[in-house]
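Asker: What follows is start25.csv, made up of CSV, C-alpha atoms:
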```csv
chain,number,residue,atom,x,y,z
A,1163,MET,CA,159.6,166.4,85.2
A,1164,PRO,CA,156.8,163.8,85.5
A,1165,ARG,CA,156.6,162.0,88.8
A,1166,GLY,CA,154.9,158.8,90.0
A,1167,SER,CA,154.7,155.4,88.3
A,1168,THR,CA,154.9,154.8,84.6
A,1169,ALA,CA,151.5,155.1,82.9
A,1170,PRO,CA,150.4,155.8,79.3
A,1171,GLY,CA,149.9,159.4,78.5
A,1172,PRO,CA,146.8,160.9,76.9
A,1173,ARG,CA,146.1,160.5,73.3
A,1174,ASN,CA,147.7,163.2,71.1
A,1175,ARG,CA,144.3,164.5,70.1
A,1176,ASP,CA,143.4,165.0,73.7
A,1177,ARG,CA,146.5,166.9,74.7
A,1178,PRO,CA,145.4,170.0,76.7
A,1179,ASP,CA,146.9,172.6,74.4
A,1180,SER,CA,144.1,175.0,75.0
A,1181,GLY,CA,141.2,175.6,77.3
A,1182,ARG,CA,138.8,174.1,74.7
A,1183,GLU,CA,139.7,170.6,76.0
A,1184,VAL,CA,139.3,171.4,79.7
A,1185,SER,CA,136.4,171.3,82.1
A,1186,ALA,CA,136.8,172.6,85.6
A,1187,VAL,CA,135.2,171.6,88.9
A,1188,VAL,CA,134.9,173.6,92.1
A,1189,LEU,CA,134.9,171.1,94.9
A,1190,ALA,CA,132.2,172.1,97.4
A,1191,GLY,CA,131.0,168.6,98.5
A,1192,GLY,CA,132.5,168.5,101.9
A,1193,ARG,CA,130.9,168.7,105.3
A,1194,ALA,CA,132.8,171.9,106.4
A,1195,THR,CA,132.9,170.7,110.1
A,1196,ARG,CA,135.4,173.4,111.0
A,1197,MET,CA,133.2,176.1,109.5
A,1198,ASP,CA,130.5,175.5,112.2
A,1199,GLY,CA,128.5,173.5,109.7
A,1200,ALA,CA,128.2,176.3,107.2
A,1201,ASP,CA,128.5,175.3,103.5
A,1202,LYS,CA,131.9,176.7,102.7
A,1203,GLY,CA,131.2,177.4,99.0
A,1204,LEU,CA,128.3,179.6,100.0
A,1205,VAL,CA,130.2,181.6,102.7
A,1206,ALA,CA,130.6,185.2,101.6
A,1207,PHE,CA,134.0,186.7,101.2
A,1208,ARG,CA,134.2,190.4,100.2
A,1209,GLY,CA,130.5,190.3,99.7
A,1210,ARG,CA,130.4,187.3,97.3
A,1211,PRO,CA,130.0,183.6,97.9
A,1212,LEU,CA,133.3,181.8,97.7
A,1213,ALA,CA,132.2,179.3,95.0
A,1214,ALA,CA,130.8,182.2,92.9
A,1215,ARG,CA,134.1,184.0,93.0
A,1216,ILE,CA,136.0,181.0,92.0
A,1217,CYS,CA,133.7,180.1,89.2
A,1218,ALA,CA,134.0,183.7,87.8
A,1219,ALA,CA,137.8,183.4,87.9
A,1220,LEU,CA,137.8,180.0,86.2
A,1221,ARG,CA,135.3,180.8,83.4
A,1222,PRO,CA,137.7,182.6,81.1
A,1223,GLN,CA,140.3,179.9,81.5
A,1224,VAL,CA,138.4,176.8,80.5
A,1225,ALA,CA,135.5,175.5,78.3
A,1226,GLU,CA,133.2,174.5,81.1
A,1227,VAL,CA,132.8,175.1,84.8
A,1228,MET,CA,131.0,172.7,87.2
A,1229,ILE,CA,130.3,172.7,90.9
A,1230,ASN,CA,130.5,169.5,93.0
A,1231,ALA,CA,128.0,169.9,95.8
A,1232,ASN,CA,126.1,167.4,98.0
A,1233,ARG,CA,123.8,169.9,99.7
A,1234,ASN,CA,122.2,173.3,98.8
A,1235,ARG,CA,122.4,172.4,95.2
A,1236,GLU,CA,119.6,174.8,94.2
A,1237,ARG,CA,121.6,177.7,95.7
A,1238,TYR,CA,124.7,176.6,93.8
A,1239,ARG,CA,122.7,176.5,90.5
A,1240,GLN,CA,122.1,180.2,90.9
A,1241,PHE,CA,125.7,180.8,90.0
A,1242,GLY,CA,124.9,179.7,86.5
A,1243,HIS,CA,126.9,176.5,86.2
A,1244,ARG,CA,126.1,172.8,86.2
A,1245,VAL,CA,126.0,171.3,89.7
A,1246,ILE,CA,126.9,167.6,90.2
A,1247,ALA,CA,126.7,165.5,93.4
A,1248,ASP,CA,129.1,162.6,94.4
A,1249,ARG,CA,128.1,159.4,92.7
A,1250,LEU,CA,129.5,157.3,95.6
A,1251,THR,CA,127.8,157.5,98.9
A,1252,GLY,CA,129.3,158.2,102.3
A,1253,HIS,CA,131.0,161.6,101.8
A,1254,GLN,CA,134.3,160.1,100.6
A,1255,GLY,CA,136.1,163.4,100.4
A,1256,PRO,CA,137.4,165.5,97.5
A,1257,LEU,CA,138.3,162.4,95.4
A,1258,ALA,CA,134.6,161.5,95.2
A,1259,GLY,CA,133.9,164.9,93.8
A,1260,MET,CA,136.7,164.5,91.3
A,1261,HIS,CA,135.3,161.1,90.3
A,1262,ALA,CA,131.8,162.5,89.8
A,1263,ALA,CA,133.2,165.4,87.7
A,1264,LEU,CA,135.3,163.2,85.5
A,1265,LEU,CA,132.2,161.2,84.6
A,1266,ALA,CA,130.1,164.3,84.0
A,1267,ALA,CA,132.6,166.5,82.2
A,1268,GLU,CA,132.0,167.4,78.6
A,1269,HIS,CA,135.7,167.6,77.8
A,1270,PRO,CA,138.6,165.2,78.2
A,1271,TRP,CA,140.6,167.1,80.9
A,1272,LEU,CA,139.3,168.1,84.3
A,1273,LEU,CA,140.8,171.0,86.3
A,1274,THR,CA,140.1,170.8,90.0
A,1275,ILE,CA,140.1,173.4,92.7
A,1276,PRO,CA,138.6,173.6,96.3
A,1277,CYS,CA,135.7,175.9,97.1
A,1278,ASP,CA,137.5,177.6,100.0
A,1279,GLY,CA,140.4,179.3,98.2
A,1280,PRO,CA,139.3,182.8,97.1
A,1281,PHE,CA,142.4,183.7,95.1
A,1282,VAL,CA,142.6,182.0,91.7
A,1283,ALA,CA,145.7,182.7,89.5
A,1284,ALA,CA,144.7,184.0,86.1
A,1285,ASP,CA,147.0,181.5,84.5
A,1286,TYR,CA,146.1,178.5,86.7
A,1287,ALA,CA,144.6,176.4,83.9
A,1288,ALA,CA,147.2,177.4,81.3
A,1289,ARG,CA,150.1,176.4,83.4
A,1290,MET,CA,148.6,173.1,84.4
A,1291,ARG,CA,147.7,172.4,80.7
A,1292,ALA,CA,151.2,173.3,79.6
A,1293,ALA,CA,152.8,171.0,82.1
A,1294,ALA,CA,150.6,168.0,81.3
A,1295,ALA,CA,151.1,168.5,77.5
A,1296,ALA,CA,154.9,168.9,77.8
A,1297,ALA,CA,155.3,165.7,79.8
A,1298,ALA,CA,152.6,163.8,77.9
A,1299,VAL,CA,151.1,162.5,81.1
A,1300,PRO,CA,147.5,162.2,82.2
A,1301,LEU,CA,147.8,164.1,85.4
A,1302,ALA,CA,149.3,167.4,86.7
A,1303,VAL,CA,149.6,168.5,90.3
A,1304,ALA,CA,150.3,172.0,91.7
A,1305,HIS,CA,153.2,172.5,94.1
A,1306,ASP,CA,153.7,175.4,96.4
A,1307,GLY,CA,157.4,175.1,96.6
A,1308,ALA,CA,157.4,173.1,99.8
A,1309,ARG,CA,154.9,170.4,99.1
A,1310,ALA,CA,152.3,169.2,96.6
A,1311,GLN,CA,148.8,170.6,96.7
A,1312,PRO,CA,146.9,167.6,95.5
A,1313,VAL,CA,143.4,169.2,95.4
A,1314,TYR,CA,144.8,171.5,92.7
A,1315,SER,CA,145.1,169.1,89.8
A,1316,LEU,CA,144.5,168.5,86.1
A,1317,ILE,CA,143.2,165.0,85.3
A,1318,HIS,CA,142.5,163.2,82.1
A,1319,ARG,CA,139.2,161.3,81.9
A,1320,ASP,CA,141.2,158.1,81.1
A,1321,LEU,CA,141.9,157.9,84.8
A,1322,ALA,CA,138.2,157.8,85.9
A,1323,ASP,CA,138.2,154.0,86.2
A,1324,SER,CA,141.4,154.0,88.2
A,1325,LEU,CA,139.9,156.6,90.6
A,1326,GLU,CA,136.7,154.6,91.0
A,1327,ARG,CA,138.6,151.4,91.8
A,1328,PHE,CA,140.7,153.3,94.3
A,1329,LEU,CA,137.7,154.8,96.1
A,1330,ARG,CA,135.8,151.5,96.1
A,1331,SER,CA,138.9,149.8,97.7
A,1332,GLY,CA,138.7,152.3,100.6
A,1333,GLY,CA,141.3,154.8,99.4
A,1334,ARG,CA,140.8,158.4,100.4
A,1335,LYS,CA,144.2,160.1,100.2
A,1336,ILE,CA,144.6,162.0,97.0
A,1337,ASP,CA,148.4,161.8,97.0
A,1338,LEU,CA,148.3,158.0,97.2
A,1339,TRP,CA,146.1,157.8,94.2
A,1340,HIS,CA,148.3,160.3,92.3
A,1341,GLY,CA,151.3,158.0,93.1
A,1342,GLN,CA,149.7,155.3,91.0
A,1343,HIS,CA,150.2,157.3,87.8
A,1344,ALA,CA,152.8,159.4,86.0
A,1345,PHE,CA,152.2,163.0,86.7
A,1346,ALA,CA,153.7,166.4,86.2
A,1347,THR,CA,154.5,168.7,89.1
A,1348,VAL,CA,153.6,172.3,88.4
A,1349,ASP,CA,155.6,175.0,90.3
A,1350,PHE,CA,153.3,177.7,91.8
A,1351,SER,CA,155.8,178.8,94.5
A,1352,ALA,CA,155.5,182.4,93.3
A,1353,ASP,CA,151.7,182.3,93.6
A,1354,GLN,CA,151.2,181.4,97.2
A,1355,ASP,CA,147.8,183.2,97.3
A,1356,LEU,CA,146.4,180.4,95.1
A,1357,PHE,CA,146.7,178.1,98.1
A,1358,THR,CA,145.2,180.4,100.7
A,1359,ASN,CA,142.0,178.7,102.0
A,1360,ILE,CA,139.3,179.4,104.5
A,1361,ASN,CA,138.5,176.6,106.8
A,1362,THR,CA,137.2,178.4,109.9
A,1363,PRO,CA,135.2,181.5,110.8
A,1364,GLN,CA,138.4,182.9,112.4
A,1365,GLN,CA,140.3,182.5,109.2
A,1366,LEU,CA,137.5,184.1,107.2
A,1367,ALA,CA,137.6,187.1,109.5
A,1368,GLY,CA,141.3,187.4,109.5
A,1369,LEU,CA,141.5,187.3,105.7
A,1370,GLU,CA,138.8,189.9,105.3
A,1371,ALA,CA,140.7,192.2,107.7
A,1372,ALA,CA,144.0,191.6,105.9
A,1373,GLY,CA,142.6,192.6,102.5
A,1374,ARG,CA,145.0,190.4,100.7
A,1375,PRO,CA,145.1,190.7,96.8
A,1376,GLY,CA,143.9,188.0,94.5
A,1377,ALA,CA,142.7,187.4,91.0
A,1378,ALA,CA,139.2,186.4,92.0
A,1379,ARG,CA,137.6,189.7,93.3
```
Is it possible to give me this structure as structure tokens?

Answerer:
Amino acid sequence: MPRGSTAPGPRNRDRPDSGREVSAVVLAGGRATRMDGADKGLVAFRGRPLAARICAALRPQVAEVMINANRNRERYRQFGHRVIADRLTGHQGPLAGMHAALLAAEHPWLLTIPCDGPFVAADYAARMRAAAAAAAVPLAVAHDGARAQPVYSLIHRDLADSLERFLRSGGRKIDLWHGQHAFATVDFSADQDLFTNINTPQQLAGLEAAGRPGAAR
């Protein structure tokens, strides 16, 4: 069921019925203060940079993959995808990366994912698309069974202006912006690996040692 306030849904011609209408962005624009200053998207996991692993997992699911990065952009370009920086200054968090990607995307829908989650469900995009199309809403948000995971979202480009207004007003919390719009909640409670993320060197070492499975290998 859609959640949030009433808002017009996407135009029928823009319904996300297949990956042809969807761009994706890997959000790697943060400061990674808990990773001892290392750029998280470039940190190696199982011998491969996190962002490169995620891009490879997303590529079969969508029409376009982008990377949002505010530093080391030349290194990110080596992964073979377009790299975009925040358009708003001041490191305003993941919403700023979503805003930049909505403006840069070649397709009407934007799938978002953080750069620090190495396990990407093979049907992540398809399930988000299906939920948004079924509810005829401009936004879908993943849910882990206990709480929403707002960085994992599918956003229609019609919401770009709303997001810019929210950011310019000082808003930073993703869930508060989501609450301004009708949205579909997508149940990923059976896919907890999707929400496994790496924020610290200790978490990286522990996950490497655990050898957990995942779609992005």

Asker: Identify which of the residues A:Ala1292, A:Leu1366, A:Leu1325, A:Leu1273 lies closest to Leu1212 of chain A, counting all atoms listed in the file when measuring atom-to-atom distances.

Answerer: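 So, comparing all the options, the nearest one is A:Leu1366.
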
Asker: What's the 7 Å shell around Pro1312 of chain A, counting only C-alpha atoms, without same-chain residues fewer than 6 positions away, as a PDB file with C-alpha atoms, in the coordinates of the input?

Answerer:
```pdb
ATOM      1  CA  VAL A1303     149.600 168.500  90.300  1.00  0.00           C
ATOM      2  CA  ALA A1304     150.300 172.000  91.700  1.00  0.00           C
ATOM      3  CA  ILE A1336     144.600 162.000  97.000  1.00  0.00           C
ATOM      4  CA  ASP A1337     148.400 161.800  97.000  1.00  0.00           C
TER       5      ASP A1337
END
```

Asker: Hey, what's within 10 Å of Arg1182 of chain A if we count only C-alpha atoms and toss same-chain stuff fewer than 5 positions away? As a PyMOL selection string, please?

Answerer: chain A and resi 1223-1226+1269-1271

Asker: Since we have the selection now, will you write its residues out, keeping C-alpha atoms, as a compact mmCIF listing (two decimals), in the coordinates of the input?

Answerer:
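Output saved as result09.txt:
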```txt
# COMPACT_ATOMS: atom_id res chain seq x y z
CA GLN A 1223 140.30 179.90 81.50
CA VAL A 1224 138.40 176.80 80.50
CA ALA A 1225 135.50 175.50 78.30
CA GLU A 1226 133.20 174.50 81.10
CA HIS A 1269 135.70 167.60 77.80
CA PRO A 1270 138.60 165.20 78.20
CA TRP A 1271 140.60 167.10 80.90
```

Asker: Tell me, in Å to one decimal, how far atom CA of His1343 of chain A is from atom CA of Arg1291 of chain A.

Answerer: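 One can read the atom CA of His1343 of chain A to atom CA of Arg1291 of chain A distance as 16.9 Å.
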
Asker: Using Å and a single decimal, report how far atom CA of Val1348 of chain A sits from atom CA of Gly1307 of chain A.

Answerer: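 Separation of atom CA of Gly1307 of chain A and atom CA of Val1348 of chain A: 9.5 Å.
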
Asker: Using all atoms listed in the file, can you tell me which of A:Val1184, A:Arg1208, A:Thr1347, A:Ala1213 comes closest to Asp1278 of chain A?

Answerer: A:Ala1213

Asker: I need the residue nearest Met1228 of chain A from this list: A:Ile1317, A:Cys1277, A:Ala1288, A:Val1187. Use all atoms listed in the file for the distance.

Answerer: A:Val1187

Asker: For atom CA of Leu1264 of chain A and atom CA of Gly1333 of chain A, quote the distance in Å rounded to one decimal.

Answerer: 17.3 Å

Asker: Within 6 Å of (127.7, 170.3, 94.1) in the file's own coordinates, which protein, DNA or RNA residues have an atom, counting only C-alpha atoms? List them as a compact mmCIF listing (two decimals) with C-alpha atoms, in the coordinates of the input.

Answerer:
```
# COMPACT_ATOMS: atom_id res chain seq x y z
CA ALA A 1190 132.20 172.10 97.40
CA GLY A 1191 131.00 168.60 98.50
CA ILE A 1229 130.30 172.70 90.90
CA ASN A 1230 130.50 169.50 93.00
CA ALA A 1231 128.00 169.90 95.80
CA ASN A 1232 126.10 167.40 98.00
CA ARG A 1235 122.40 172.40 95.20
CA VAL A 1245 126.00 171.30 89.70
CA ILE A 1246 126.90 167.60 90.20
CA ALA A 1247 126.70 165.50 93.40
```

Asker: Of the candidates A:Asp1248, A:Glu1370, A:Glu1326, A:Glu1183, which one gets nearest to Ala1295 of chain A if we count all atoms listed in the file?

Answerer: A:Glu1183

Asker: Using all atoms listed in the file, can you list as a PyMOL selection string the residues within 6 Å of (128.5, 174.6, 81.3)?

Answerer: chain A and resi 1226-1227+1243-1244

Asker: With all atoms listed in the file as the basis for distance, which of A:Ala1367, A:Leu1204, A:Ala1214, A:Ala1219 is at the shortest distance from Tyr1286 of chain A?

Answerer: A:Ala1219

Asker: For Ile1275 of chain A, which of A:Ala1372, A:Leu1321, A:Met1290, A:Val1188 is the closest residue, counting only C-alpha atoms?

Answerer: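 Going through A:Ala1372, A:Leu1321, A:Met1290, A:Val1188 one by one, the smallest distance to Ile1275 of chain A is for A:Val1188.
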
Asker: Each residue of segment 1297-1360 of chain A lying at most 10 Å from segment 1265-1268 of chain A should get a row with its shortest atom-to-atom pair and the distance in Å to one decimal, counting all atoms listed in the file; could you produce that, ordered by chain and increasing number, as CSV?

Answerer:
```
residue,atom,partner,partner_atom,distance
A:Arg1319,CA,A:Leu1265,CA,7.5
A:Ala1322,CA,A:Leu1265,CA,7.0
A:Asp1323,CA,A:Leu1265,CA,9.5
```

Asker: Let me see the file: selected residues, C-alpha atoms, as a PDB file, in the frame of the given file.

Answerer:
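Final file, part_19.pdb:
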```pdb
ATOM      1  CA  ARG A1319     139.200 161.300  81.900  1.00  0.00           C
ATOM      2  CA  ALA A1322     138.200 157.800  85.900  1.00  0.00           C
ATOM      3  CA  ASP A1323     138.200 154.000  86.200  1.00  0.00           C
TER       4      ASP A1323
END
```

Asker: Excluding same-chain residues fewer than 4 positions from Asp1353 of chain A, what lies within 12 Å of it counting all atoms listed in the file, as a PyMOL selection string?

Answerer: chain A and resi 1281-1286+1289+1304-1307+1348-1349+1357-1358+1375-1377

Asker: Any chance you could build segment 1217-1253 of chain A out to N, CA and C atoms and write it as an mmCIF file, in the coordinates of the input?

Answerer:
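Contents of the output file out.cif:
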```cif
data_model
loop_
_atom_site.group_PDB
_atom_site.id
_atom_site.type_symbol
_atom_site.label_atom_id
_atom_site.label_comp_id
_atom_site.auth_asym_id
_atom_site.auth_seq_id
_atom_site.Cartn_x
_atom_site.Cartn_y
_atom_site.Cartn_z
ATOM 1 N N CYS A 1217 134.244 180.390 90.477
ATOM 2 C CA CYS A 1217 133.700 180.100 89.200
ATOM 3 C C CYS A 1217 133.959 181.266 88.197
ATOM 4 N N ALA A 1218 133.785 182.493 88.662
ATOM 5 C CA ALA A 1218 134.000 183.700 87.800
ATOM 6 C C ALA A 1218 135.472 183.750 87.368
ATOM 7 N N ALA A 1219 136.392 183.374 88.253
ATOM 8 C CA ALA A 1219 137.800 183.400 87.900
ATOM 9 C C ALA A 1219 138.196 182.306 86.938
ATOM 10 N N LEU A 1220 137.528 181.173 87.027
ATOM 11 C CA LEU A 1220 137.800 180.000 86.200
ATOM 12 C C LEU A 1220 137.227 180.165 84.773
ATOM 13 N N ARG A 1221 136.084 180.825 84.695
ATOM 14 C CA ARG A 1221 135.300 180.800 83.400
ATOM 15 C C ARG A 1221 136.114 181.239 82.236
ATOM 16 N N PRO A 1222 136.954 182.284 82.294
ATOM 17 C CA PRO A 1222 137.700 182.600 81.100
ATOM 18 C C PRO A 1222 138.839 181.669 80.762
ATOM 19 N N GLN A 1223 139.152 180.760 81.674
ATOM 20 C CA GLN A 1223 140.300 179.900 81.500
ATOM 21 C C GLN A 1223 139.999 178.545 80.890
ATOM 22 N N VAL A 1224 138.740 178.120 80.933
ATOM 23 C CA VAL A 1224 138.400 176.800 80.500
ATOM 24 C C VAL A 1224 137.101 176.798 79.685
ATOM 25 N N ALA A 1225 136.736 175.647 79.145
ATOM 26 C CA ALA A 1225 135.500 175.500 78.300
ATOM 27 C C ALA A 1225 134.269 175.348 79.101
ATOM 28 N N GLU A 1226 134.387 174.827 80.312
ATOM 29 C CA GLU A 1226 133.200 174.500 81.100
ATOM 30 C C GLU A 1226 133.578 174.574 82.591
ATOM 31 N N VAL A 1227 132.672 175.093 83.399
ATOM 32 C CA VAL A 1227 132.800 175.100 84.800
ATOM 33 C C VAL A 1227 131.665 174.344 85.470
ATOM 34 N N MET A 1228 131.982 173.448 86.407
ATOM 35 C CA MET A 1228 131.000 172.700 87.200
ATOM 36 C C MET A 1228 131.219 172.952 88.649
ATOM 37 N N ILE A 1229 130.204 172.675 89.439
ATOM 38 C CA ILE A 1229 130.300 172.700 90.900
ATOM 39 C C ILE A 1229 129.930 171.376 91.449
ATOM 40 N N ASN A 1230 130.789 170.793 92.255
ATOM 41 C CA ASN A 1230 130.500 169.500 93.000
ATOM 42 C C ASN A 1230 129.913 169.907 94.326
ATOM 43 N N ALA A 1231 128.643 169.583 94.563
ATOM 44 C CA ALA A 1231 128.000 169.900 95.800
ATOM 45 C C ALA A 1231 127.035 168.789 96.207
ATOM 46 N N ASN A 1232 126.980 168.471 97.497
ATOM 47 C CA ASN A 1232 126.100 167.400 98.000
ATOM 48 C C ASN A 1232 124.945 167.958 98.840
ATOM 49 N N ARG A 1233 124.889 169.261 99.008
ATOM 50 C CA ARG A 1233 123.800 169.900 99.700
ATOM 51 C C ARG A 1233 123.641 171.316 99.085
ATOM 52 N N ASN A 1234 122.488 171.943 99.334
ATOM 53 C CA ASN A 1234 122.200 173.300 98.800
ATOM 54 C C ASN A 1234 122.445 173.419 97.329
ATOM 55 N N ARG A 1235 122.092 172.368 96.604
ATOM 56 C CA ARG A 1235 122.400 172.400 95.200
ATOM 57 C C ARG A 1235 121.610 173.453 94.416
ATOM 58 N N GLU A 1236 120.391 173.744 94.853
ATOM 59 C CA GLU A 1236 119.600 174.800 94.200
ATOM 60 C C GLU A 1236 120.309 176.147 94.323
ATOM 61 N N ARG A 1237 120.880 176.413 95.473
ATOM 62 C CA ARG A 1237 121.600 177.700 95.700
ATOM 63 C C ARG A 1237 122.830 177.743 94.773
ATOM 64 N N TYR A 1238 123.532 176.637 94.651
ATOM 65 C CA TYR A 1238 124.700 176.600 93.800
ATOM 66 C C TYR A 1238 124.314 176.816 92.319
ATOM 67 N N ARG A 1239 123.162 176.293 91.914
ATOM 68 C CA ARG A 1239 122.700 176.500 90.500
ATOM 69 C C ARG A 1239 122.522 177.925 90.175
ATOM 70 N N GLN A 1240 122.265 178.748 91.158
ATOM 71 C CA GLN A 1240 122.100 180.200 90.900
ATOM 72 C C GLN A 1240 123.322 180.861 90.397
ATOM 73 N N PHE A 1241 124.458 180.202 90.529
ATOM 74 C CA PHE A 1241 125.700 180.800 90.000
ATOM 75 C C PHE A 1241 125.853 180.585 88.515
ATOM 76 N N GLY A 1242 124.935 179.823 87.903
ATOM 77 C CA GLY A 1242 124.900 179.700 86.500
ATOM 78 C C GLY A 1242 125.741 178.563 85.878
ATOM 79 N N HIS A 1243 126.119 177.592 86.715
ATOM 80 C CA HIS A 1243 126.900 176.500 86.200
ATOM 81 C C HIS A 1243 126.267 175.149 86.648
ATOM 82 N N ARG A 1244 126.631 174.113 85.933
ATOM 83 C CA ARG A 1244 126.100 172.800 86.200
ATOM 84 C C ARG A 1244 126.559 172.323 87.603
ATOM 85 N N VAL A 1245 125.653 171.759 88.387
ATOM 86 C CA VAL A 1245 126.000 171.300 89.700
ATOM 87 C C VAL A 1245 125.838 169.758 89.729
ATOM 88 N N ILE A 1246 126.878 169.081 90.214
ATOM 89 C CA ILE A 1246 126.900 167.600 90.200
ATOM 90 C C ILE A 1246 127.163 167.147 91.667
ATOM 91 N N ALA A 1247 126.512 166.069 92.046
ATOM 92 C CA ALA A 1247 126.700 165.500 93.400
ATOM 93 C C ALA A 1247 127.657 164.265 93.238
ATOM 94 N N ASP A 1248 128.256 163.866 94.364
ATOM 95 C CA ASP A 1248 129.100 162.600 94.400
ATOM 96 C C ASP A 1248 128.213 161.478 93.887
ATOM 97 N N ARG A 1249 128.815 160.588 93.139
ATOM 98 C CA ARG A 1249 128.100 159.400 92.700
ATOM 99 C C ARG A 1249 128.264 158.257 93.718
ATOM 100 N N LEU A 1250 129.304 158.325 94.524
ATOM 101 C CA LEU A 1250 129.500 157.300 95.600
ATOM 102 C C LEU A 1250 129.025 157.873 96.885
ATOM 103 N N THR A 1251 128.397 157.053 97.671
ATOM 104 C CA THR A 1251 127.800 157.500 98.900
ATOM 105 C C THR A 1251 128.827 157.572 100.042
ATOM 106 N N GLY A 1252 128.462 158.273 101.116
ATOM 107 C CA GLY A 1252 129.300 158.200 102.300
ATOM 108 C C GLY A 1252 130.249 159.392 102.478
ATOM 109 N N HIS A 1253 130.112 160.479 101.705
ATOM 110 C CA HIS A 1253 131.000 161.600 101.800
ATOM 111 C C HIS A 1253 132.479 161.166 101.841
#
```
